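Engineer: Dropping the structure in here first, questions after.
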Amino acid sequence: MPPLPAAPASPAVHHGRRVEGLVAGQATSDGAGVKLTRVLTHALQRRLDPFLMLDAFGSDDPNDYIAGFPDHPHRGFETVTYMIAGRMRHRDSAGHEGLLENGGVQWMTAGRGVIHSEIPQQEAGVMEGFQLWLNLPSSAKLCAPWYRDFQATDLPRLTTPEGVAVTVIAGHSHGVQGAVTRPVTEPLYLDLHLPAGSHFAQPLPAAHNAFVYVYRGAVRIAGETVPAQRMAVLANEGDGVRIEADAPAQALLIAGRPLNEPIVQYGPFVMNTEQEIYQAISDYRSGRLG
């Protein structure tokens with residue numbers, strides 16, 4: 001792979017956010033028994049609005065994931081699947097089918113409804129990645145479904161002057177526009193690879209909710225150590241975040257503008273009222289969803 005383009009000088013962050021709390025996540029299973037860690041759970045949906053869920057999955061034992069996620073419905077939100085090892089084959093009720101490969105992202109807007117399946121495939125015995133759920137505003141919950149696959153080579157990347165390699169999945173960082181933008185929730189989704197002794201600064205609007213999930217090594221934020229497999233919820237203060245690494249580390253930085261709307265969830269349906277949930281269930285049972 002050619003060297004990543006150098007970014008402009010790092011933006012100034014004068015008052016970095018502190019860590020409000022660390023989250024370990026909950027071991028669980030989903031789909032047809034896929035073992036995963038639910039990092040952003042239902043209890044954090046209001047605090048981290050507009051984000052509804054973050055799952056981290058990964059194993060070198062195919063029995064942990066090979067059955068995958070057979071046909072299942074969604075309505076009212078978006079899913080962002082990021083593969084960092086292995087592959088994920090998917091198909092949906094609209095006739096779309098594709099193969100998400102190592103380093104790729106699928107961004108899917110369920111909108112008024114889609115039924116799809118996701119079947120993990122190992123690569124050299126390993127499968128690893130993340131799935132993020134991003135809420136839709138009430139005005140868009142019944143929009144037409146949409147999705148796009150971004151292979152690793154499609155994703156904008158940069159290297160900061162401090163040597164941090166950044167993949168910009170969504171939003172804007174260091175003068176680089178991400179693969180996806182959303183005008184209402186304004187999501188920022190960065191994958192950061194920090195070499196030893198480096199730091200990374202990212203401006204953030206104070207009103208945007210934000211968190212960092214460390215999946216390799218450890219980082220420091222405002223003097224607090226965030227170890228691997230921990231999510232740091234960032235306090236809503238200051239003008240951004242500064243992340244430091246004494247040794248090589250890899251982390252996700254995710255932020256977005258809260259919707260401040262009611263959240264009513266029933267499994268794969270996320271709406272604003274119970275009546276809308278009843279309608280989603282009825283549409284699914286009668287074959288009108290997707």
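Residue numbering restarts at 1 in every chain; chains get A, B, ... in the order shown in the structure tokens, and ligands count up from 1 in that same order.
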Can you tell me which residues surround range 156-168 of chain A at a distance of at most 12 Å, considering only C-alpha atoms, apart from same-chain residues fewer than 3 positions away, and format the answer as a short mmCIF file (atom, residue, chain, number, x, y, z; two decimals) with N, CA, C and O atoms, in the first residue's frame?
Structural biologist:
data_model
loop_
_atom_site.label_atom_id
_atom_site.label_comp_id
_atom_site.auth_asym_id
_atom_site.auth_seq_id
_atom_site.Cartn_x
_atom_site.Cartn_y
_atom_site.Cartn_z
N MET A 1 0.85 -1.19 0.00
CA MET A 1 0.00 0.00 0.00
C MET A 1 0.89 1.24 0.00
O MET A 1 1.84 1.32 0.78
N PRO A 2 0.58 2.25 -0.84
CA PRO A 2 1.40 3.47 -0.85
C PRO A 2 1.27 4.21 0.46
O PRO A 2 0.29 4.05 1.19
N PRO A 3 2.25 5.06 0.80
CA PRO A 3 2.16 5.80 2.06
C PRO A 3 0.94 6.71 2.08
O PRO A 3 0.51 7.23 1.04
N LEU A 4 0.36 6.87 3.27
CA LEU A 4 -0.82 7.70 3.39
C LEU A 4 -0.44 9.17 3.24
O LEU A 4 0.65 9.58 3.64
N PRO A 5 -1.33 9.98 2.67
CA PRO A 5 -1.02 11.40 2.51
C PRO A 5 -0.86 12.08 3.86
O PRO A 5 -1.57 11.77 4.81
N ALA A 6 0.09 12.99 3.93
CA ALA A 6 0.30 13.72 5.18
C ALA A 6 -0.81 14.75 5.35
O ALA A 6 -1.29 15.35 4.40
N ALA A 7 -1.23 14.92 6.62
CA ALA A 7 -2.28 15.89 6.92
C ALA A 7 -1.66 17.24 7.24
O ALA A 7 -0.47 17.34 7.53
N PRO A 8 -2.48 18.29 7.21
CA PRO A 8 -1.98 19.58 7.65
C PRO A 8 -1.59 19.52 9.12
O PRO A 8 -1.86 18.54 9.81
N ALA A 9 -0.99 20.56 9.62
CA ALA A 9 -0.62 20.61 11.03
C ALA A 9 -1.84 20.31 11.90
O ALA A 9 -2.97 20.69 11.57
N SER A 10 -1.62 19.58 12.98
CA SER A 10 -2.71 19.16 13.83
C SER A 10 -3.51 20.36 14.33
O SER A 10 -2.92 21.38 14.73
N PRO A 11 -4.84 20.27 14.34
CA PRO A 11 -5.65 21.37 14.84
C PRO A 11 -5.43 21.55 16.34
O PRO A 11 -5.15 20.59 17.06
N TYR A 82 -17.83 -2.37 10.33
CA TYR A 82 -16.42 -2.11 9.99
C TYR A 82 -15.64 -3.39 10.26
O TYR A 82 -15.54 -3.84 11.40
N ILE A 84 -12.15 -5.38 10.39
CA ILE A 84 -10.69 -5.19 10.44
C ILE A 84 -9.95 -6.51 10.25
O ILE A 84 -8.73 -6.52 10.12
N GLY A 103 -10.86 -4.51 6.29
CA GLY A 103 -10.66 -3.08 6.22
C GLY A 103 -11.81 -2.30 5.63
O GLY A 103 -11.75 -1.07 5.54
N GLY A 104 -12.88 -2.97 5.22
CA GLY A 104 -14.01 -2.32 4.57
C GLY A 104 -15.13 -1.95 5.53
O GLY A 104 -15.18 -2.40 6.68
N VAL A 105 -16.04 -1.12 5.03
CA VAL A 105 -17.18 -0.63 5.80
C VAL A 105 -18.45 -0.80 4.99
O VAL A 105 -18.47 -0.51 3.78
N PHE A 150 -18.00 0.13 1.25
CA PHE A 150 -16.72 0.80 0.99
C PHE A 150 -15.61 -0.19 1.27
O PHE A 150 -15.45 -0.62 2.41
N GLN A 151 -14.87 -0.58 0.23
CA GLN A 151 -13.72 -1.42 0.48
C GLN A 151 -12.61 -0.57 1.11
O GLN A 151 -12.66 0.66 1.09
N ALA A 152 -11.61 -1.24 1.64
CA ALA A 152 -10.55 -0.52 2.36
C ALA A 152 -9.93 0.58 1.50
O ALA A 152 -9.63 1.68 2.00
N THR A 153 -9.77 0.32 0.21
CA THR A 153 -9.14 1.31 -0.67
C THR A 153 -10.04 2.50 -0.96
O THR A 153 -9.58 3.51 -1.49
N GLY A 171 -17.53 11.93 8.80
CA GLY A 171 -17.19 13.22 9.35
C GLY A 171 -15.99 13.84 8.68
O GLY A 171 -15.72 13.61 7.49
N HIS A 172 -15.23 14.62 9.45
CA HIS A 172 -14.15 15.44 8.89
C HIS A 172 -13.02 15.50 9.89
O HIS A 172 -13.25 15.77 11.08
N SER A 173 -11.81 15.23 9.46
CA SER A 173 -10.67 15.26 10.37
C SER A 173 -9.43 15.75 9.65
O SER A 173 -9.10 15.24 8.57
N HIS A 174 -8.73 16.73 10.23
CA HIS A 174 -7.45 17.20 9.72
C HIS A 174 -7.51 17.54 8.23
O HIS A 174 -6.60 17.21 7.46
N GLY A 175 -8.60 18.16 7.82
CA GLY A 175 -8.74 18.58 6.44
C GLY A 175 -9.20 17.50 5.48
O GLY A 175 -9.28 17.74 4.28
N VAL A 176 -9.52 16.31 6.00
CA VAL A 176 -9.95 15.19 5.14
C VAL A 176 -11.42 14.89 5.40
O VAL A 176 -11.83 14.71 6.56
N GLN A 177 -12.20 14.83 4.33
CA GLN A 177 -13.62 14.51 4.42
C GLN A 177 -13.81 13.00 4.42
O GLN A 177 -13.20 12.28 3.63
N GLY A 178 -14.65 12.50 5.31
CA GLY A 178 -14.87 11.07 5.43
C GLY A 178 -15.70 10.48 4.30
O GLY A 178 -16.22 11.20 3.44
N ALA A 179 -15.84 9.17 4.33
CA ALA A 179 -16.60 8.48 3.29
C ALA A 179 -18.08 8.82 3.34
O ALA A 179 -18.75 8.83 2.32
N VAL A 180 -18.61 9.12 4.53
CA VAL A 180 -20.05 9.38 4.70
C VAL A 180 -20.23 10.64 5.53
O VAL A 180 -19.47 10.90 6.47
N THR A 181 -21.23 11.44 5.18
CA THR A 181 -21.64 12.57 6.01
C THR A 181 -23.14 12.47 6.25
O THR A 181 -23.88 11.94 5.41
N PRO A 187 -22.22 12.59 12.30
CA PRO A 187 -21.33 11.62 12.95
C PRO A 187 -19.87 11.79 12.53
O PRO A 187 -19.56 12.09 11.38
N LEU A 188 -18.99 11.58 13.51
CA LEU A 188 -17.56 11.47 13.29
C LEU A 188 -17.17 10.04 13.67
O LEU A 188 -17.49 9.57 14.76
N TYR A 189 -16.50 9.34 12.76
CA TYR A 189 -16.09 7.95 13.02
C TYR A 189 -14.68 7.80 12.47
O TYR A 189 -14.47 7.77 11.26
N LEU A 190 -13.71 7.73 13.39
CA LEU A 190 -12.30 7.63 13.02
C LEU A 190 -11.70 6.36 13.59
O LEU A 190 -11.97 5.99 14.74
N ASP A 191 -10.86 5.70 12.79
CA ASP A 191 -10.03 4.60 13.28
C ASP A 191 -8.61 5.14 13.36
O ASP A 191 -8.03 5.58 12.36
N LEU A 192 -8.03 5.12 14.56
CA LEU A 192 -6.74 5.72 14.83
C LEU A 192 -5.71 4.65 15.12
O LEU A 192 -5.93 3.79 15.98
N HIS A 193 -4.57 4.71 14.42
CA HIS A 193 -3.43 3.84 14.71
C HIS A 193 -2.30 4.75 15.19
O HIS A 193 -1.71 5.50 14.40
N LEU A 194 -2.04 4.70 16.50
CA LEU A 194 -1.09 5.61 17.12
C LEU A 194 0.23 4.90 17.38
O LEU A 194 0.26 3.89 18.09
N PRO A 195 1.33 5.39 16.81
CA PRO A 195 2.63 4.80 17.13
C PRO A 195 3.07 5.21 18.54
O PRO A 195 2.50 6.13 19.15
N ALA A 196 4.08 4.53 19.06
CA ALA A 196 4.59 4.83 20.40
C ALA A 196 5.04 6.28 20.48
O ALA A 196 5.69 6.81 19.58
N GLY A 197 4.65 6.94 21.58
CA GLY A 197 5.07 8.31 21.82
C GLY A 197 4.30 9.36 21.06
O GLY A 197 4.69 10.53 21.05
N SER A 198 3.19 8.99 20.42
CA SER A 198 2.44 9.94 19.60
C SER A 198 1.22 10.47 20.34
O SER A 198 0.82 9.96 21.39
N HIS A 199 0.62 11.49 19.74
CA HIS A 199 -0.64 11.99 20.25
C HIS A 199 -1.51 12.41 19.07
O HIS A 199 -1.02 12.65 17.96
N PHE A 200 -2.81 12.50 19.32
CA PHE A 200 -3.77 12.87 18.29
C PHE A 200 -4.75 13.86 18.90
O PHE A 200 -5.26 13.65 20.00
N ALA A 201 -5.02 14.94 18.17
CA ALA A 201 -5.96 15.96 18.63
C ALA A 201 -7.09 16.09 17.62
O ALA A 201 -6.86 16.12 16.41
N GLN A 202 -8.32 16.16 18.13
CA GLN A 202 -9.49 16.30 17.26
C GLN A 202 -10.46 17.29 17.89
O GLN A 202 -10.98 17.06 18.98
N ILE A 243 -5.60 12.52 22.52
CA ILE A 243 -5.36 11.10 22.82
C ILE A 243 -3.86 10.85 22.70
O ILE A 243 -3.25 11.18 21.67
N GLU A 244 -3.25 10.26 23.73
CA GLU A 244 -1.80 10.02 23.75
C GLU A 244 -1.54 8.52 23.89
O GLU A 244 -2.31 7.79 24.54
N ALA A 245 -0.43 8.07 23.29
CA ALA A 245 -0.06 6.65 23.37
C ALA A 245 1.42 6.54 23.68
O ALA A 245 2.26 7.06 22.92
N PRO A 248 2.47 1.50 20.94
CA PRO A 248 1.51 1.43 19.83
C PRO A 248 0.10 1.08 20.31
O PRO A 248 -0.08 0.21 21.17
N ALA A 249 -0.90 1.77 19.76
CA ALA A 249 -2.28 1.56 20.16
C ALA A 249 -3.20 1.81 18.98
O ALA A 249 -2.85 2.53 18.05
N GLN A 250 -4.39 1.22 19.06
CA GLN A 250 -5.41 1.41 18.03
C GLN A 250 -6.75 1.66 18.73
O GLN A 250 -7.09 0.98 19.70
N ALA A 251 -7.48 2.64 18.23
CA ALA A 251 -8.73 3.03 18.90
C ALA A 251 -9.69 3.64 17.90
O ALA A 251 -9.30 4.17 16.85
N LEU A 252 -10.98 3.58 18.23
CA LEU A 252 -12.03 4.25 17.49
C LEU A 252 -12.42 5.52 18.24
O LEU A 252 -12.62 5.48 19.47
N LEU A 253 -12.53 6.62 17.53
CA LEU A 253 -13.07 7.86 18.08
C LEU A 253 -14.39 8.13 17.37
O LEU A 253 -14.42 8.26 16.14
N ILE A 254 -15.47 8.19 18.14
CA ILE A 254 -16.81 8.32 17.57
C ILE A 254 -17.54 9.45 18.29
O ILE A 254 -17.52 9.52 19.53
#
Engineer: Give me the residues within 9 Å of Gly21 in chain A as a list in words, counting only C-alpha atoms and dropping any in the same chain fewer than 4 places off.
Structural biologist: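 Everything that qualifies: Met231, Ala232, Val233, Leu234 and Ala235 of chain A.
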Engineer: Determine the nearest neighbour of Ala94 in chain A from the options A:Thr79, A:Ser117, A:Asn209, A:Ser282, counting only C-alpha atoms.
Structural biologist: A:Ser117
Engineer: If DSSP is run on the backbone, what residues of range 36-255 of chain A are strand (DSSP E or B)? A reply as a count of residues only would be ideal.
Structural biologist: 130
Engineer: Which is closer to Gln26 in chain A than all the others in A:His96, A:His74, A:Arg288, A:Arg38, using only C-alpha atoms?
Structural biologist: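 Selected residue with least distance to Gln26 in chain A: A:Arg38.
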Engineer: Looking at A:Val214, A:Val114, A:Ala43, A:Leu134, which one is nearest to Asp92 in chain A, with distances taken over only C-alpha atoms?
Structural biologist: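 Selected residue with least distance to Asp92 in chain A: A:Val114.
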Engineer: Quick check, in Å to one decimal: how far apart do CA of Phe77 in chain A and CA of Arg285 in chain A lie?
Structural biologist: 19.4 Å
Engineer: To test your reading of the structure, identify every residue in range 236-277 of chain A that backbone DSSP assigns to helix (DSSP H, G or I), and report it as an MDAnalysis selection string.
Structural biologist: chainID A and resid 274:277
Engineer: Can I get the selection written as a PDB file, in the first residue's frame, with N, CA and C atoms?
Structural biologist:
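The resulting again_19.pdb:
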ATOM      1  N   GLU A 274     -44.368   4.090  21.061  1.00  0.00           N
ATOM      2  CA  GLU A 274     -44.763   2.682  21.117  1.00  0.00           C
ATOM      3  C   GLU A 274     -45.679   2.335  19.948  1.00  0.00           C
ATOM      4  N   GLN A 275     -46.549   3.264  19.561  1.00  0.00           N
ATOM      5  CA  GLN A 275     -47.449   2.993  18.445  1.00  0.00           C
ATOM      6  C   GLN A 275     -46.659   2.721  17.163  1.00  0.00           C
ATOM      7  N   GLU A 276     -45.568   3.446  16.953  1.00  0.00           N
ATOM      8  CA  GLU A 276     -44.729   3.201  15.771  1.00  0.00           C
ATOM      9  C   GLU A 276     -44.058   1.834  15.843  1.00  0.00           C
ATOM     10  N   ILE A 277     -43.740   1.384  17.042  1.00  0.00           N
ATOM     11  CA  ILE A 277     -43.183   0.042  17.203  1.00  0.00           C
ATOM     12  C   ILE A 277     -44.232  -1.008  16.863  1.00  0.00           C
TER      13      ILE A 277
END
